[in-house]
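Peer 1: Take a look at this one; I'll ask things after.
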Amino acid sequence: MTAPINPADSLLERAPQALRDLVTSHFPQPWRWFANGLLADVAILAVFGLLFAALTLAERKILGRVQNRPGPNRTGPFGLLQPIADGIKMLSKEDIVPRDADHLLHFLAPVTLLASAIMAFAVIPYGRNLVPVDLDAGVLYFFCVGATTELAVFMAGWSSHNKYSLLAAMRALAQLISYELPLLLSWVPVVMISGTLSTTGIVAAQSGWRWGWMPTWHVFTPWGLAGFIIFMVSALAESNRSPFDLPEAESELIAGHLTEYSGCKYVFFFMAEYFGMTALSGMAVTLFLGGWHAPLPALEFIPSYAWFGIKLISLLMGFIWIRATFPRLRMDQLTRFAWKFLVPLALINLATAAFWSLSFGWSGPMLAARCGVALVLVIVPFVLLGRRLTAGLAPRSYAYAT
Amino acid sequence: MLGSGLLQGLGVTAKNLVGSFHDPKRLTTVEYPEQKTKLPEAYRNFPFLVSESAEDPMGTLRCVACQICEKECPPQCIFIEKSKDKKPDATGKMQIYPAVFLIDSSVCMNCQICVEVCPFDAIKMDHEYEIATTERFNALLLDREALAKPNSYFHEIRPEEAAEVDGRLAAERKAAEEKAKAAALAKASAAAKPAAPPSAVPPKAEPPKPSASA
Amino acid sequence: MTPSPLVPTGGATVRAVNDEFHGDLLEVSMGPHHPSTHGVFRMVVTLDGERITKLKPVLGYLHRNHEKIGESTSYLGSMPYTDRLDYLNAMTNNWAYALAVERLGGLSVPERAEYLRVILAELSRLQNHVCLAGFLLQDTGASGTPLMYAFREREKILDLFEALSGSRMMCNFQRFGGCRTDASPAWLAQVAALVGGFGRFLDEFEELITGNEILMARTQGVGVLKGPAAVAAGITGPMLRAAGVGYDIRKVDGYGLYPRFTFRVPIGAHGDTYDRYMIRILEMRESIGILEQALRDIPAGPIMDPKAKLRGFRPKPGESYGRIEGPKGEIGFYLISDGSANPYRYRVRPPSFVNLTVLEDLCLGHTIADSVVILGSIDIVLGEVDR
């Protein structure tokens, strides 16, 4: 067995760290950790800032194409400068604060939201040895920071002193808290199986190949697939994306909690929504899609951060695809979906993961039995609960008058 | 099963996303300032006045200031003042002409009723639609200089209708000439026989036909 | 009336009513500029949480004195104004008005013109219903995709209207005793091509959304209107048929040449928003059948009654009512002539306005999100509601 080059040693793979060391080597040793941290901040803001800009354009382009129109194409070739034009427009707009608004909270809300969205990027492993902060309880940290969103959205809705904003704030509270639960429950099995709360540890647990070619990502196990779907549905709701964009419900509440925001503050909200979406997708990649690992042994020559980027962007495209297709749920249906469908499924998934963990040593025909039992544990509750949830809803046939 | 309808919908949007790149039936956008659709001949916008020649539009307006369009215009956007004198029109007949012909295009609703009621084919609907101005009042009040467009332009935008109109006008002109000739003959014979009435009133077949100068 | 600590106070925008209820009510003024009120329509909604306890529609922002103008212009002069009533369906408005005047003046319509009218009315129905489906789905929050598909098809129909009448929406096409211009064979071939492809478009549209669980959850059981209540309120059109009453003026009156065509009238069993949506989809399929028959059978011939004259139309004193099955319901014109060139009385029976009267009954007890969807399913055009 010959190993030509260890993928971890390739030049491209080591490029980010080499670059970092090149810059920070000028600093005295005691300050180097600080410089490293600062550099990571700058890199995250630059990369995800650009990704945000590209994502707004990509979203509009894809929505356009799905809707059989070209999308923005007036600014620069293929409309590539559209995000810059949008940025200039938004930043040069007047910042209007309603007279009766709570000025302090009105200002703090977008700042809090954006700050918490950016902080969530700290613990995601973007590549081999590329994690800004390797916390022992990184996953826990991520979701604690994410929970600040509720506060910020409610602040925005409350302080605007607008009835639409107030309704949106109430909706946001109910929605975000409802979906926090399935979101948290969906990754508990990952922690159970990996035995760690550290994000790098979870990625490490998904390394290696079964039968020499199949990646051991969590999503390729029955409980992992169910967990991944629950996680992504909850992530849609947590980042206020269609079909769960109730706080912003354009056709009902004008713009919901954003009704009274303009200019730079509006951009902050907008940015925070995309950052939140990106961070949640990044966490989904880490928890279920094998982090930065390549999907096939033969593809390991591509650097790890590229694999992370590819997986992240495919998930984000999925968000956009869903937005292009679905109508919006209603508030009561939204919470019912969380409490009566996602939460029970996530709880059952805990049991599935426990079974999976207990049956670790099974092999041969017992391996098939293990997969079968786990699949039954996933599919049967899905079908039964889904039937309960959609009881009374069905396509209809119609009679004709003579 | 829950989700089948959702997946079906996702399939349709994916099909359209891909289709919009290669299927012109799906991507139907016409990008306006650079590309323009071909207007159908029947397209109508604001009215214009037809003149026979491009060189002297004011002298060859077909309009004889009969004011029918002014009366029939539903939003009352036409204002006409008759001339005091007469001058020969394209066929050489002496006619009054519109000294003032105004259309307030901010009131006009492009209904084409003026065109339908005009007995002289003097007013037609234009194809020009890039008519935005930065001035709200005088720029939108079109006078006869702004309204007059030559018959050749009419042919350009509405070939079928213009050909039909030209044919009809030529026939009328011929009939009028023959009638004038007949009248002249009758006059000559009347001069020979002074008992006959000086001129016969033409049969009231068509109201627009101006009586030949007797 | 004491302001509640739970509702922000200090401005005139929030009013807490604490007298009769346990909780606080929130009065929200939706409109006249709101993304989903389909124009300048206002709903003053009193909310208990998100549930609607009271809904007061406020109309008249688009009032243009239509009926009085009709009494001061000639009969012909009102025709272009009827385009602007329900500006999605100029063709059917024209027809209803022409029908009223033809009855008043005793004019007949040549067969080819009648066929043309049927073709144009059914095309108009197609583009109205497809618009409605798009708007309704937009109101449920689908990010524009069904709406854009619907408009892609509608645009083709509007192009046909433009090629025939000169204008996409303000057609001003029907005349008393016939139609204004004749349709060329090329135009009829274009209609045939469009009709041939429309069924496939409908299939794709339904595949996109009709089976969608979210749509069913949002519309089934929402805004239920039962048959007797609908009849009592004077509801007509697809909304009445969705309530289970098989009443279609095309069948009942048999105006025009409709008795010659075979088509079915779909009726709903539940009377909810989903039924109102589906009835329109099914009606589009029937319209395709009518169009195919009309295109097959259209004869050659004149398109105007030789008795009809454009100017100086003075009907004998009397009254008439012309009504047709417009895409939104019964669109009718009532005219009284005193023998002069203008009608003595000119009255429009607008389907949008009459159908809108049940809005509060449909919305009570539902949430604010439903009110938008219910309003969308009623299918109003404010040009016709306010006149």
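Simple scheme: letters A, B, ... for chains in structure tokens order, numbers from 1 for residues in each chain, numbers from 1 for ligands in the order shown.
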For chain C, work out the contacting residues on chain B at 8 Å, counting only C-alpha atoms, and write them as a ChimeraX atom specification.
Peer 2: /B:2-6,8-13,28,40-44,72-74,111,113,117
Peer 1: Output N, CA, C and O atoms for every residue in the selection just made, as a PDB file, in the first residue's frame.
Peer 2:
```pdb
ATOM      1  N   LEU B   2     -46.842  12.745   3.749  1.00  0.00           N
ATOM      2  CA  LEU B   2     -46.469  14.146   3.932  1.00  0.00           C
ATOM      3  C   LEU B   2     -45.191  14.441   3.163  1.00  0.00           C
ATOM      4  O   LEU B   2     -44.197  13.742   3.305  1.00  0.00           O
ATOM      5  N   GLY B   3     -45.236  15.474   2.363  1.00  0.00           N
ATOM      6  CA  GLY B   3     -44.036  15.873   1.645  1.00  0.00           C
ATOM      7  C   GLY B   3     -44.057  15.554   0.175  1.00  0.00           C
ATOM      8  O   GLY B   3     -43.252  16.089  -0.578  1.00  0.00           O
ATOM      9  N   SER B   4     -44.997  14.688  -0.269  1.00  0.00           N
ATOM     10  CA  SER B   4     -44.979  14.327  -1.694  1.00  0.00           C
ATOM     11  C   SER B   4     -45.342  15.528  -2.560  1.00  0.00           C
ATOM     12  O   SER B   4     -44.726  15.758  -3.607  1.00  0.00           O
ATOM     13  N   GLY B   5     -46.332  16.305  -2.099  1.00  0.00           N
ATOM     14  CA  GLY B   5     -46.710  17.499  -2.858  1.00  0.00           C
ATOM     15  C   GLY B   5     -45.588  18.512  -2.891  1.00  0.00           C
ATOM     16  O   GLY B   5     -45.356  19.170  -3.907  1.00  0.00           O
ATOM     17  N   LEU B   6     -44.865  18.586  -1.768  1.00  0.00           N
ATOM     18  CA  LEU B   6     -43.756  19.533  -1.705  1.00  0.00           C
ATOM     19  C   LEU B   6     -42.660  19.125  -2.680  1.00  0.00           C
ATOM     20  O   LEU B   6     -42.111  19.964  -3.403  1.00  0.00           O
ATOM     21  N   GLN B   8     -42.974  17.329  -5.367  1.00  0.00           N
ATOM     22  CA  GLN B   8     -43.458  17.557  -6.728  1.00  0.00           C
ATOM     23  C   GLN B   8     -43.214  19.012  -7.143  1.00  0.00           C
ATOM     24  O   GLN B   8     -42.719  19.286  -8.237  1.00  0.00           O
ATOM     25  N   GLY B   9     -43.553  19.930  -6.224  1.00  0.00           N
ATOM     26  CA  GLY B   9     -43.340  21.349  -6.512  1.00  0.00           C
ATOM     27  C   GLY B   9     -41.881  21.660  -6.727  1.00  0.00           C
ATOM     28  O   GLY B   9     -41.520  22.396  -7.649  1.00  0.00           O
ATOM     29  N   LEU B  10     -41.025  21.077  -5.898  1.00  0.00           N
ATOM     30  CA  LEU B  10     -39.591  21.316  -6.063  1.00  0.00           C
ATOM     31  C   LEU B  10     -39.123  20.816  -7.421  1.00  0.00           C
ATOM     32  O   LEU B  10     -38.269  21.440  -8.064  1.00  0.00           O
ATOM     33  N   GLY B  11     -39.714  19.705  -7.865  1.00  0.00           N
ATOM     34  CA  GLY B  11     -39.356  19.189  -9.188  1.00  0.00           C
ATOM     35  C   GLY B  11     -39.710  20.184 -10.277  1.00  0.00           C
ATOM     36  O   GLY B  11     -38.917  20.425 -11.191  1.00  0.00           O
ATOM     37  N   VAL B  12     -40.908  20.795 -10.159  1.00  0.00           N
ATOM     38  CA  VAL B  12     -41.324  21.742 -11.204  1.00  0.00           C
ATOM     39  C   VAL B  12     -40.396  22.951 -11.216  1.00  0.00           C
ATOM     40  O   VAL B  12     -39.968  23.411 -12.285  1.00  0.00           O
ATOM     41  N   THR B  13     -40.051  23.471 -10.044  1.00  0.00           N
ATOM     42  CA  THR B  13     -39.181  24.652 -10.051  1.00  0.00           C
ATOM     43  C   THR B  13     -37.803  24.299 -10.582  1.00  0.00           C
ATOM     44  O   THR B  13     -37.194  25.104 -11.287  1.00  0.00           O
ATOM     45  N   THR B  28     -38.994  34.131 -21.483  1.00  0.00           N
ATOM     46  CA  THR B  28     -39.675  34.934 -22.493  1.00  0.00           C
ATOM     47  C   THR B  28     -39.347  36.414 -22.380  1.00  0.00           C
ATOM     48  O   THR B  28     -39.916  37.209 -23.108  1.00  0.00           O
ATOM     49  N   PRO B  40     -47.928  45.125 -33.118  1.00  0.00           N
ATOM     50  CA  PRO B  40     -48.911  44.728 -34.123  1.00  0.00           C
ATOM     51  C   PRO B  40     -49.459  45.978 -34.794  1.00  0.00           C
ATOM     52  O   PRO B  40     -49.433  47.066 -34.209  1.00  0.00           O
ATOM     53  N   GLU B  41     -49.946  45.786 -36.005  1.00  0.00           N
ATOM     54  CA  GLU B  41     -50.407  46.965 -36.741  1.00  0.00           C
ATOM     55  C   GLU B  41     -51.536  47.670 -35.996  1.00  0.00           C
ATOM     56  O   GLU B  41     -51.637  48.892 -36.024  1.00  0.00           O
ATOM     57  N   ALA B  42     -52.353  46.921 -35.310  1.00  0.00           N
ATOM     58  CA  ALA B  42     -53.503  47.522 -34.650  1.00  0.00           C
ATOM     59  C   ALA B  42     -53.110  48.319 -33.408  1.00  0.00           C
ATOM     60  O   ALA B  42     -53.947  49.015 -32.841  1.00  0.00           O
ATOM     61  N   TYR B  43     -51.857  48.219 -32.978  1.00  0.00           N
ATOM     62  CA  TYR B  43     -51.467  48.895 -31.745  1.00  0.00           C
ATOM     63  C   TYR B  43     -51.832  50.368 -31.792  1.00  0.00           C
ATOM     64  O   TYR B  43     -51.691  51.025 -32.824  1.00  0.00           O
ATOM     65  N   ARG B  44     -52.318  50.878 -30.700  1.00  0.00           N
ATOM     66  CA  ARG B  44     -52.663  52.299 -30.687  1.00  0.00           C
ATOM     67  C   ARG B  44     -52.089  52.966 -29.460  1.00  0.00           C
ATOM     68  O   ARG B  44     -52.000  52.376 -28.389  1.00  0.00           O
ATOM     69  N   GLU B  72     -67.094  63.924 -30.038  1.00  0.00           N
ATOM     70  CA  GLU B  72     -67.239  62.514 -29.656  1.00  0.00           C
ATOM     71  C   GLU B  72     -66.198  62.075 -28.626  1.00  0.00           C
ATOM     72  O   GLU B  72     -66.367  61.040 -27.998  1.00  0.00           O
ATOM     73  N   CYS B  73     -65.129  62.800 -28.476  1.00  0.00           N
ATOM     74  CA  CYS B  73     -64.048  62.374 -27.577  1.00  0.00           C
ATOM     75  C   CYS B  73     -64.588  62.168 -26.169  1.00  0.00           C
ATOM     76  O   CYS B  73     -65.070  63.121 -25.558  1.00  0.00           O
ATOM     77  N   PRO B  74     -64.551  60.943 -25.632  1.00  0.00           N
ATOM     78  CA  PRO B  74     -65.159  60.729 -24.312  1.00  0.00           C
ATOM     79  C   PRO B  74     -64.530  61.577 -23.193  1.00  0.00           C
ATOM     80  O   PRO B  74     -65.264  62.167 -22.414  1.00  0.00           O
ATOM     81  N   CYS B 111     -58.528  55.827 -26.742  1.00  0.00           N
ATOM     82  CA  CYS B 111     -59.629  54.912 -26.988  1.00  0.00           C
ATOM     83  C   CYS B 111     -59.906  54.740 -28.468  1.00  0.00           C
ATOM     84  O   CYS B 111     -60.653  53.859 -28.854  1.00  0.00           O
ATOM     85  N   ILE B 113     -61.700  56.466 -30.433  1.00  0.00           N
ATOM     86  CA  ILE B 113     -63.029  56.845 -30.934  1.00  0.00           C
ATOM     87  C   ILE B 113     -62.909  58.001 -31.920  1.00  0.00           C
ATOM     88  O   ILE B 113     -63.634  58.059 -32.917  1.00  0.00           O
ATOM     89  N   VAL B 117     -64.636  57.930 -35.706  1.00  0.00           N
ATOM     90  CA  VAL B 117     -65.691  58.833 -36.152  1.00  0.00           C
ATOM     91  C   VAL B 117     -65.202  59.786 -37.234  1.00  0.00           C
ATOM     92  O   VAL B 117     -66.015  60.433 -37.874  1.00  0.00           O
TER      93      VAL B 117
END
```
Peer 1: How close does chain A get to chain B? List, as a tab-separated table, each residue of chain A within 6 Å, its nearest atom pair and the distance in Å to one decimal, counting only C-alpha atoms.
Peer 2:
```
residue	atom	partner	partner_atom	distance
A:Arg65	CA	B:Leu17	CA	5.1
A:Val66	CA	B:Leu17	CA	4.2
A:Asn68	CA	B:Leu27	CA	4.8
A:Arg69	CA	B:Leu27	CA	5.7
A:Gly386	CA	B:Leu2	CA	5.4
```
Peer 1: Quick one: everything within 12 Å of Val376 (chain A), counting only C-alpha atoms, minus sequence neighbours fewer than 2 positions away in the same chain. Send it as a PyMOL selection string.
Peer 2: chain A and resi 222-223+226+348-349+352+355+369-374+378-384
Peer 1: Using only C-alpha atoms, which protein or nucleic acid residues come within 10 Å of Gln175 (chain A)? Drop anything in the same chain fewer than 6 positions from it, and give the result as JSON, numbers by chain.
Peer 2: {"A": [150, 169, 234, 237, 238, 240, 244, 245, 246, 247, 331, 332, 334, 335, 338]}
Peer 1: Any chance you could list, as a ChimeraX atom specification, the residues in region 50-200 of chain B that come up alpha helix (DSSP H) when DSSP is run on the backbone?
Peer 2: /B:68-72,113-117,144-147,151-157,159-192
Peer 1: Any idea what the distance is between CA of Leu202 (chain C) and CA of Met284 (chain C)?
Peer 2: 8.5 Å
Peer 1: Can you pull out the residues contacting Arg175 (chain C)? Cut-off 10 Å, using only C-alpha atoms, and skip same-chain residues under 2 positions away; I want them as a short mmCIF file (atom, residue, chain, number, x, y, z; two decimals) with N, CA, C and O atoms, in the first residue's frame.
Peer 2:
```
data_model
loop_
_atom_site.label_atom_id
_atom_site.label_comp_id
_atom_site.auth_asym_id
_atom_site.auth_seq_id
_atom_site.Cartn_x
_atom_site.Cartn_y
_atom_site.Cartn_z
N LEU C 76 -71.76 55.61 -26.97
CA LEU C 76 -70.47 55.13 -27.44
C LEU C 76 -69.35 55.59 -26.51
O LEU C 76 -68.41 54.85 -26.23
N MET C 79 -68.16 53.39 -23.69
CA MET C 79 -67.53 52.09 -23.95
C MET C 79 -66.08 52.05 -23.47
O MET C 79 -65.69 51.13 -22.76
N ASN C 94 -66.90 45.19 -21.91
CA ASN C 94 -67.39 45.71 -23.18
C ASN C 94 -68.62 44.94 -23.64
O ASN C 94 -69.62 45.52 -24.07
N TRP C 95 -68.53 43.63 -23.51
CA TRP C 95 -69.63 42.80 -24.01
C TRP C 95 -70.91 43.05 -23.22
O TRP C 95 -71.99 43.22 -23.79
N TYR C 97 -71.79 45.67 -21.60
CA TYR C 97 -72.33 46.99 -21.91
C TYR C 97 -72.96 46.99 -23.30
O TYR C 97 -74.07 47.51 -23.49
N ALA C 98 -72.24 46.37 -24.26
CA ALA C 98 -72.80 46.31 -25.61
C ALA C 98 -74.13 45.57 -25.60
O ALA C 98 -75.08 45.97 -26.29
N LEU C 99 -74.22 44.52 -24.79
CA LEU C 99 -75.45 43.73 -24.73
C LEU C 99 -76.61 44.60 -24.23
O LEU C 99 -77.72 44.57 -24.79
N VAL C 101 -76.88 47.88 -24.43
CA VAL C 101 -77.24 48.90 -25.41
C VAL C 101 -77.94 48.26 -26.60
O VAL C 101 -78.89 48.82 -27.16
N GLU C 102 -77.47 47.07 -26.99
CA GLU C 102 -78.12 46.39 -28.12
C GLU C 102 -79.58 46.08 -27.80
O GLU C 102 -80.46 46.21 -28.65
N VAL C 109 -76.74 41.05 -33.65
CA VAL C 109 -75.29 40.88 -33.80
C VAL C 109 -75.06 39.76 -34.80
O VAL C 109 -75.63 38.68 -34.67
N ALA C 113 -69.50 37.88 -35.36
CA ALA C 113 -69.20 38.75 -34.22
C ALA C 113 -69.51 38.05 -32.91
O ALA C 113 -68.77 38.18 -31.92
N ASN C 172 -61.51 48.25 -25.55
CA ASN C 172 -62.51 49.08 -26.23
C ASN C 172 -62.87 48.44 -27.56
O ASN C 172 -62.80 49.06 -28.61
N PHE C 173 -63.25 47.18 -27.52
CA PHE C 173 -63.34 46.41 -28.75
C PHE C 173 -64.78 46.22 -29.23
O PHE C 173 -65.04 46.27 -30.43
N GLY C 177 -73.91 46.22 -31.84
CA GLY C 177 -74.24 45.54 -33.08
C GLY C 177 -73.09 44.76 -33.67
O GLY C 177 -73.12 44.38 -34.82
N GLY C 178 -72.04 44.54 -32.91
CA GLY C 178 -70.94 43.75 -33.45
C GLY C 178 -69.62 44.06 -32.79
O GLY C 178 -69.58 44.44 -31.64
N CYS C 179 -68.55 43.90 -33.56
CA CYS C 179 -67.21 44.15 -33.06
C CYS C 179 -66.56 45.22 -33.92
O CYS C 179 -67.00 45.49 -35.03
N ARG C 180 -65.48 45.79 -33.41
CA ARG C 180 -64.88 46.92 -34.09
C ARG C 180 -64.09 46.49 -35.32
O ARG C 180 -64.23 47.06 -36.39
N THR C 181 -63.24 45.50 -35.15
CA THR C 181 -62.45 45.04 -36.28
C THR C 181 -62.59 43.53 -36.39
O THR C 181 -62.92 42.86 -35.43
N ILE C 303 -69.22 41.54 -39.47
CA ILE C 303 -69.08 41.60 -38.02
C ILE C 303 -69.88 42.75 -37.43
O ILE C 303 -69.81 43.01 -36.23
N MET C 304 -70.63 43.47 -38.26
CA MET C 304 -71.45 44.54 -37.70
C MET C 304 -72.86 44.44 -38.24
O MET C 304 -73.08 44.08 -39.41
N ASP C 305 -73.81 44.76 -37.38
CA ASP C 305 -75.20 44.86 -37.81
C ASP C 305 -75.30 46.05 -38.77
O ASP C 305 -74.89 47.15 -38.42
N ALA C 308 -76.64 49.24 -37.45
CA ALA C 308 -75.94 49.98 -36.41
C ALA C 308 -75.18 51.15 -37.02
O ALA C 308 -74.65 51.06 -38.12
N LYS C 309 -75.18 52.27 -36.32
CA LYS C 309 -74.35 53.38 -36.78
C LYS C 309 -73.55 53.88 -35.59
O LYS C 309 -73.99 53.80 -34.44
N LEU C 310 -72.38 54.38 -35.92
CA LEU C 310 -71.45 54.73 -34.86
C LEU C 310 -71.88 56.00 -34.14
O LEU C 310 -71.93 56.05 -32.92
#
```
Peer 1: Considering only C-alpha atoms, return as a list in words whatever protein or nucleic-acid residues lie within 12 Å of Met155 (chain A), sequence-local ones (same chain, fewer than 4 positions apart) excluded.
Peer 2: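 So the residues in contact are Ala101, Asp102, His103, Leu104, Leu105, His106, Phe107, Leu108, Ala109, Pro110, Val111, Thr112, Leu113, Thr148, Thr149, Glu150, Leu151, Ser159, Ser160, His161, Ser165, Leu166, Ala168, Ala169, Met170, Ala172, Leu173, His257 and Leu258 of chain A.
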Peer 1: Would you put the residues from that selection into a file with N, CA, C and O atoms, as a short mmCIF file (atom, residue, chain, number, x, y, z; two decimals), in the first residue's frame?
Peer 2:
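Heads up, here's the output in part_19.cif:
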```cif
data_model
loop_
_atom_site.label_atom_id
_atom_site.label_comp_id
_atom_site.auth_asym_id
_atom_site.auth_seq_id
_atom_site.Cartn_x
_atom_site.Cartn_y
_atom_site.Cartn_z
N ALA A 101 -40.69 55.68 18.54
CA ALA A 101 -39.93 54.46 18.76
C ALA A 101 -39.01 54.60 19.97
O ALA A 101 -38.67 55.71 20.37
N ASP A 102 -38.65 53.47 20.53
CA ASP A 102 -37.65 53.45 21.60
C ASP A 102 -36.28 53.50 20.93
O ASP A 102 -35.80 52.50 20.40
N HIS A 103 -35.69 54.70 20.95
CA HIS A 103 -34.51 54.90 20.09
C HIS A 103 -33.37 53.96 20.43
O HIS A 103 -32.70 53.46 19.54
N LEU A 104 -33.14 53.74 21.71
CA LEU A 104 -32.01 52.91 22.10
C LEU A 104 -32.19 51.47 21.61
O LEU A 104 -31.32 50.91 20.95
N LEU A 105 -33.38 50.91 21.92
CA LEU A 105 -33.62 49.52 21.51
C LEU A 105 -33.66 49.41 19.99
O LEU A 105 -33.21 48.44 19.40
N HIS A 106 -34.24 50.44 19.37
CA HIS A 106 -34.34 50.44 17.92
C HIS A 106 -32.95 50.37 17.30
O HIS A 106 -32.76 49.76 16.24
N PHE A 107 -31.98 51.02 17.98
CA PHE A 107 -30.61 50.98 17.47
C PHE A 107 -29.93 49.66 17.84
O PHE A 107 -29.19 49.07 17.04
N LEU A 108 -30.20 49.19 19.07
CA LEU A 108 -29.48 48.01 19.55
C LEU A 108 -29.89 46.73 18.81
O LEU A 108 -29.07 45.82 18.66
N ALA A 109 -31.15 46.66 18.40
CA ALA A 109 -31.64 45.41 17.84
C ALA A 109 -30.81 44.91 16.66
O ALA A 109 -30.33 43.77 16.69
N PRO A 110 -30.59 45.73 15.62
CA PRO A 110 -29.79 45.20 14.50
C PRO A 110 -28.36 44.88 14.90
O PRO A 110 -27.78 43.90 14.41
N VAL A 111 -27.81 45.68 15.85
CA VAL A 111 -26.43 45.45 16.25
C VAL A 111 -26.31 44.10 16.97
O VAL A 111 -25.44 43.28 16.66
N THR A 112 -27.25 43.86 17.91
CA THR A 112 -27.23 42.60 18.64
C THR A 112 -27.37 41.42 17.69
O THR A 112 -26.66 40.42 17.80
N LEU A 113 -28.30 41.57 16.77
CA LEU A 113 -28.58 40.46 15.86
C LEU A 113 -27.34 40.13 15.03
O LEU A 113 -26.93 38.98 14.92
N THR A 148 -29.64 34.23 20.88
CA THR A 148 -29.77 35.68 21.03
C THR A 148 -30.67 36.28 19.97
O THR A 148 -31.22 37.36 20.14
N THR A 149 -30.81 35.57 18.86
CA THR A 149 -31.63 36.06 17.75
C THR A 149 -33.03 36.44 18.21
O THR A 149 -33.55 37.49 17.85
N GLU A 150 -33.61 35.57 19.04
CA GLU A 150 -34.97 35.83 19.50
C GLU A 150 -35.06 37.20 20.15
O GLU A 150 -35.93 37.99 19.84
N LEU A 151 -34.12 37.46 21.03
CA LEU A 151 -34.11 38.71 21.77
C LEU A 151 -34.04 39.89 20.80
O LEU A 151 -34.81 40.85 20.90
N SER A 159 -39.58 47.80 19.73
CA SER A 159 -39.14 49.19 19.83
C SER A 159 -39.63 50.03 18.66
O SER A 159 -39.67 51.24 18.77
N SER A 160 -40.02 49.39 17.56
CA SER A 160 -40.43 50.18 16.40
C SER A 160 -41.72 50.94 16.66
O SER A 160 -42.02 51.91 15.99
N HIS A 161 -42.51 50.46 17.59
CA HIS A 161 -43.79 51.08 17.89
C HIS A 161 -44.68 51.12 16.65
O HIS A 161 -45.15 52.16 16.23
N SER A 165 -45.05 45.58 13.33
CA SER A 165 -43.82 45.13 13.96
C SER A 165 -44.12 44.37 15.24
O SER A 165 -43.46 43.37 15.55
N LEU A 166 -45.11 44.85 15.98
CA LEU A 166 -45.45 44.19 17.24
C LEU A 166 -45.97 42.78 16.97
O LEU A 166 -45.55 41.81 17.63
N ALA A 168 -45.29 41.01 14.45
CA ALA A 168 -44.16 40.22 13.97
C ALA A 168 -43.28 39.80 15.13
O ALA A 168 -42.77 38.68 15.16
N ALA A 169 -43.11 40.69 16.10
CA ALA A 169 -42.26 40.35 17.24
C ALA A 169 -42.86 39.18 18.01
O ALA A 169 -42.15 38.25 18.42
N MET A 170 -44.20 39.21 18.19
CA MET A 170 -44.85 38.10 18.89
C MET A 170 -44.69 36.81 18.10
O MET A 170 -44.42 35.74 18.66
N ALA A 172 -42.33 36.14 16.03
CA ALA A 172 -40.92 35.72 16.04
C ALA A 172 -40.61 34.98 17.32
O ALA A 172 -39.94 33.94 17.30
N LEU A 173 -41.11 35.50 18.44
CA LEU A 173 -40.84 34.84 19.72
C LEU A 173 -41.38 33.42 19.70
O LEU A 173 -40.67 32.45 20.01
N HIS A 257 -41.06 42.85 11.50
CA HIS A 257 -40.23 43.62 12.42
C HIS A 257 -39.30 44.58 11.70
O HIS A 257 -38.68 45.42 12.32
N LEU A 258 -39.20 44.46 10.37
CA LEU A 258 -38.32 45.36 9.63
C LEU A 258 -39.06 46.56 9.06
O LEU A 258 -38.47 47.38 8.37
#
```
Peer 1: Distance cut-off 8 Å, counting only C-alpha atoms - which residues of chain A neighbour chain C? Return them as a VMD selection string.
Peer 2: chain A and resid 63 66 to 68 100 158 161 to 164 167 243 249 to 252 254 323 to 330 333 390 393 to 395 398 to 402
Peer 1: Just asking: which residues within region 42-256 of chain C are strand (DSSP E) according to DSSP, as a JSON list (two decimals) with C-alpha atoms, in the first residue's frame?
Peer 2:
```
[["chain", "number", "residue", "atom", "x", "y", "z"],
["C", 42, "ARG", "CA", -58.59, 49.19, 3.44],
["C", 43, "MET", "CA", -59.58, 46.69, 6.10],
["C", 44, "VAL", "CA", -59.84, 47.95, 9.64],
["C", 45, "VAL", "CA", -59.17, 44.73, 11.50],
["C", 46, "THR", "CA", -59.67, 44.25, 15.20],
["C", 47, "LEU", "CA", -57.41, 41.51, 16.42],
["C", 48, "ASP", "CA", -57.47, 39.35, 19.49],
["C", 51, "ARG", "CA", -57.62, 36.24, 15.47],
["C", 52, "ILE", "CA", -59.96, 38.63, 13.78],
["C", 53, "THR", "CA", -62.87, 39.71, 15.95],
["C", 54, "LYS", "CA", -64.06, 42.49, 13.70],
["C", 55, "LEU", "CA", -63.33, 43.54, 10.18],
["C", 56, "LYS", "CA", -64.56, 46.72, 8.60],
["C", 57, "PRO", "CA", -63.91, 47.17, 4.89],
["C", 58, "VAL", "CA", -63.37, 50.78, 3.84],
["C", 174, "GLN", "CA", -67.07, 45.68, -28.78],
["C", 175, "ARG", "CA", -69.44, 47.97, -30.59],
["C", 178, "GLY", "CA", -70.94, 43.75, -33.45],
["C", 179, "CYS", "CA", -67.21, 44.15, -33.06]]
```
Peer 1: Excluding Ile302 (chain A) and residues on its chain fewer than 4 positions from it, collect all residues at most 9 Å away from it, counting only C-alpha atoms, and give them as a ChimeraX atom specification.
Peer 2: /A:7,12-13,294,306-307
